[in-house]
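Read through the structure below, which is laid out as structure tokens, and then see the notes.
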Amino acid sequence: MRDTRPLSGLSEIAGDYDALLCDAWGVIHNGHALFPGAAEALTRFRQERGPVIVITNAPRLSDVIPAQLERLGLPAEAYDDIVTSGDATRAEVERRTGMAFFRLGPAKDDGLFDAIETAFVPLEDAEAILCTGMLDDMNETPDDYRDMLAGAAERGLPMICANPDKVVRYGDKLIYCAGALGDVYEAMGGKVILAGKPHEPIYHLALEAAAVGGGQPPRRPLVIGDGVQTDILGANRQGFDSVFVADGIFSQEARGENGRLDERKLAALLDEHGVHAEFAMDGLRW
């Protein structure tokens, strides 16, 4: 695998890129607060280089995300647009017009379910499953859903998974996401359709959003993320350079005893997952 160059700040390489595709949770914030320096880094890149697109596996439509980021303290001038896994998921459902879906997800995702024009029915009557996560993601695990999903897998119902992330760090706690449920369903023989990172549909939307004012899409976008199997793998598949940030779900695997990024541990982590990152940072800084 190729070497990963550690960075002290984004300014070291910003001049080589014309857009940022930046993850939110684990890079910009941890669910409770912004990470120090993240807002400045995004704002400075946008001022000096090009558009900043927040690209997140949140299973919600993008129009609800700005208010969430504002509550956490991220100024609107830090980014140009937001693209979510929810946006890509709605497009996938719309391609299956006329199918009856079973909805599986917590009440906080009602906005996505309400925005999708399709029929939701009990699982026994469904032709497909739309999954945004577990009903109680703070306490449940994917194994709690094996009995519920066994019959659906046997019937061959496809599951559209609105969030490919398997876990997310919420403060100091790791909680399961829809991607973990998708893994369980796939292991039972079910078919899983993923629209968010690392899969192609969400990147098409992100590049369209980066064509600010109807201009041309960026020619050299840079991906920033903390998810090895989502952000970094997605960048590899699209042929984009990437920056791994050690503030998120792999912080323990990528940091040494001193709490700082450990190049050897990071190399082992990336090798384990068969991916590469051109750059790495302790946290997003300018």
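Each chain in the structure tokens gets a letter, A, B, ..., in the order shown, and its residues are numbered from 1; ligands are numbered from 1 in order too.
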- Message: If we count only C-alpha atoms and set the cut-off at 12 Å, which residues sit around Ile160 in chain A, ignoring sequence neighbours fewer than 2 positions away in its own chain? Please answer as a PyMOL selection string.
- Response: chain A and resi 59+85-86+88-96+101-105+127-133+157-158+162-164+178-179+181-182+185-186+190-196
Run DSSP on the backbone of this structure and report the residues of range 101-223 of chain A it assigns to strand (DSSP E), as a compact mmCIF listing (two decimals) with C-alpha atoms, in the first residue's frame.
# COMPACT_ATOMS: atom_id res chain seq x y z
CA PHE A 101 -42.41 -0.64 1.45
CA PHE A 102 -42.04 -1.56 5.10
CA ARG A 103 -40.43 1.30 7.03
CA LEU A 104 -37.80 0.43 9.59
CA ALA A 119 -46.91 3.25 0.24
CA PHE A 120 -45.77 1.98 3.64
CA ALA A 128 -39.34 -4.08 -0.07
CA ILE A 129 -37.86 -2.56 3.11
CA LEU A 130 -36.71 1.01 3.59
CA CYS A 131 -34.31 1.06 6.54
CA MET A 159 -33.74 -3.62 1.63
CA ILE A 160 -32.84 -0.05 0.67
CA CYS A 161 -30.46 1.06 3.40
CA VAL A 167 -21.48 2.76 13.69
CA VAL A 168 -21.13 6.41 14.61
CA ARG A 169 -19.49 8.04 17.60
CA TYR A 170 -22.07 9.96 19.65
CA LYS A 173 -20.32 6.26 22.78
CA LEU A 174 -20.46 4.18 19.60
CA ILE A 175 -24.00 3.50 18.39
CA TYR A 176 -25.14 1.20 15.58
CA VAL A 192 -29.26 -4.81 0.35
CA ILE A 193 -29.18 -1.66 -1.80
CA LEU A 194 -26.94 1.14 -0.54
CA PRO A 221 -12.04 17.23 -5.47
CA LEU A 222 -10.55 16.22 -2.13
CA VAL A 223 -12.48 13.89 0.18
- Excluding same-chain residues fewer than 5 positions from Ile224 in chain A, what lies within 6 Å of it counting only C-alpha atoms, as number ranges by chain? A: 22, 242-243
Looking only at alpha helix (DSSP H) from DSSP on the backbone, list the matching residues of range 64-154 of chain A as a PDB file with C-alpha atoms, in the first residue's frame.
ATOM      1  CA  ILE A  65     -29.078  19.373   8.051  1.00  0.00           C
ATOM      2  CA  PRO A  66     -28.246  23.128   8.006  1.00  0.00           C
ATOM      3  CA  ALA A  67     -30.294  23.745  11.146  1.00  0.00           C
ATOM      4  CA  GLN A  68     -28.509  20.887  12.908  1.00  0.00           C
ATOM      5  CA  LEU A  69     -25.099  22.242  11.929  1.00  0.00           C
ATOM      6  CA  GLU A  70     -26.106  25.741  12.986  1.00  0.00           C
ATOM      7  CA  ARG A  71     -27.123  24.473  16.439  1.00  0.00           C
ATOM      8  CA  LEU A  72     -23.674  22.950  16.776  1.00  0.00           C
ATOM      9  CA  SER A  85     -27.562   9.533   2.016  1.00  0.00           C
ATOM     10  CA  GLY A  86     -31.230  10.428   2.444  1.00  0.00           C
ATOM     11  CA  ASP A  87     -31.163  12.370  -0.826  1.00  0.00           C
ATOM     12  CA  ALA A  88     -29.635   9.413  -2.644  1.00  0.00           C
ATOM     13  CA  THR A  89     -32.058   7.019  -0.947  1.00  0.00           C
ATOM     14  CA  ARG A  90     -35.118   8.965  -2.084  1.00  0.00           C
ATOM     15  CA  ALA A  91     -33.836   8.740  -5.643  1.00  0.00           C
ATOM     16  CA  GLU A  92     -33.454   4.955  -5.264  1.00  0.00           C
ATOM     17  CA  VAL A  93     -37.017   4.569  -3.929  1.00  0.00           C
ATOM     18  CA  GLU A  94     -38.409   6.745  -6.710  1.00  0.00           C
ATOM     19  CA  ASP A 110     -39.932  10.620  10.009  1.00  0.00           C
ATOM     20  CA  GLY A 111     -38.937  13.518   7.792  1.00  0.00           C
ATOM     21  CA  LEU A 112     -37.363  11.189   5.256  1.00  0.00           C
ATOM     22  CA  PHE A 113     -40.226   8.706   5.314  1.00  0.00           C
ATOM     23  CA  ASP A 114     -42.780  11.517   4.970  1.00  0.00           C
ATOM     24  CA  ALA A 115     -40.919  13.029   2.008  1.00  0.00           C
ATOM     25  CA  ARG A 146     -32.818 -11.138  13.336  1.00  0.00           C
ATOM     26  CA  ASP A 147     -36.212 -12.675  14.076  1.00  0.00           C
ATOM     27  CA  MET A 148     -38.055  -9.763  12.462  1.00  0.00           C
ATOM     28  CA  LEU A 149     -36.003  -9.897   9.276  1.00  0.00           C
ATOM     29  CA  ALA A 150     -35.705 -13.660   8.807  1.00  0.00           C
ATOM     30  CA  GLY A 151     -39.023 -14.023   6.984  1.00  0.00           C
ATOM     31  CA  ALA A 152     -38.336 -11.007   4.776  1.00  0.00           C
ATOM     32  CA  ALA A 153     -34.997 -12.460   3.710  1.00  0.00           C
ATOM     33  CA  GLU A 154     -36.653 -15.777   2.885  1.00  0.00           C
TER      34      GLU A 154
END
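Nearest to Ala38 in chain A of all the residues A:Ala210, A:Ala14, A:Gly248, A:Ala78 is A:Ala78, based on only C-alpha atoms.
For the set A:Asn139, A:Asp3, A:Ala100, A:Gln229, the residue with the smallest atom-to-atom gap to Ala126 in chain A is A:Ala100, counting only C-alpha atoms.
Between CA of Glu253 in chain A and CA of Met138 in chain A there is a distance of 22.7 Å.
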- Item | Separation of CA of Arg5 in chain A from CA of Ala41 in chain A, in Å and rounded to one decimal | 18.3 Å
Extract, using only C-alpha atoms, all DNA, RNA and protein residues at most 6 Å from range 48-57 of chain A, discarding same-chain residues fewer than 5 positions from it, and format them as a PDB file with C-alpha atoms, in the first residue's frame.
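The resulting file, around.pdb, is shown below:
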ATOM      1  CA  ASP A  18     -10.648  22.797  -6.349  1.00  0.00           C
ATOM      2  CA  ALA A  19     -13.405  21.402  -4.079  1.00  0.00           C
ATOM      3  CA  LEU A  20     -13.911  19.635  -0.756  1.00  0.00           C
ATOM      4  CA  LEU A  21     -16.289  16.735  -0.194  1.00  0.00           C
ATOM      5  CA  CYS A  22     -16.271  16.703   3.595  1.00  0.00           C
ATOM      6  CA  ASP A  23     -17.926  14.264   5.969  1.00  0.00           C
ATOM      7  CA  ALA A  24     -19.859  15.760   8.886  1.00  0.00           C
ATOM      8  CA  TYR A  79     -19.980  25.316   3.144  1.00  0.00           C
ATOM      9  CA  ASP A  80     -21.837  25.693  -0.147  1.00  0.00           C
ATOM     10  CA  ASP A  81     -24.214  22.754  -0.061  1.00  0.00           C
ATOM     11  CA  ILE A  82     -25.076  19.486   1.662  1.00  0.00           C
ATOM     12  CA  VAL A  83     -25.697  16.083   0.115  1.00  0.00           C
ATOM     13  CA  THR A  84     -27.033  13.237   2.235  1.00  0.00           C
ATOM     14  CA  SER A  85     -27.562   9.533   2.016  1.00  0.00           C
ATOM     15  CA  ASN A 163     -27.302   4.961   5.908  1.00  0.00           C
ATOM     16  CA  GLY A 196     -24.741   6.545   0.441  1.00  0.00           C
ATOM     17  CA  ALA A 210     -20.145  21.442  -6.352  1.00  0.00           C
TER      18      ALA A 210
END
- Quick one: everything within 12 Å of Ile232 in chain A, counting only C-alpha atoms, minus sequence neighbours fewer than 5 positions away in the same chain. Send it as a ChimeraX atom specification. /A:21-23,197-199,222-227,237-245,269-270,273-280
- Task: Could you jot down the CA of Tyr145 in chain A to CA of Leu61 in chain A separation for me, Å, one decimal place?
- Result: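 Going from CA of Tyr145 in chain A over to CA of Leu61 in chain A covers 25.2 Å.
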Identify, on the basis of only C-alpha atoms, every residue whose closest approach to Ser11 in chain A does not exceed 10 Å; exclude the query and any residue fewer than 2 positions from it along the same chain; express the result as a short mmCIF file (atom, residue, chain, number, x, y, z; two decimals) with C-alpha atoms, in the first residue's frame.
data_model
loop_
_atom_site.label_atom_id
_atom_site.label_comp_id
_atom_site.auth_asym_id
_atom_site.auth_seq_id
_atom_site.Cartn_x
_atom_site.Cartn_y
_atom_site.Cartn_z
CA LEU A 7 -0.62 16.88 7.74
CA SER A 8 -0.63 19.51 10.44
CA GLY A 9 -3.23 21.49 8.51
CA ILE A 13 -2.29 20.85 0.32
CA ALA A 14 -5.33 23.08 -0.33
CA GLY A 15 -3.72 24.64 -3.39
CA ASP A 16 -3.81 21.31 -5.23
CA ALA A 41 -10.66 25.00 7.86
CA ARG A 44 -10.75 29.20 4.62
CA PHE A 45 -10.82 26.57 1.86
CA GLU A 48 -9.39 30.67 -1.04
CA ARG A 285 -7.47 22.11 10.90
CA TRP A 286 -6.46 24.82 8.46
#
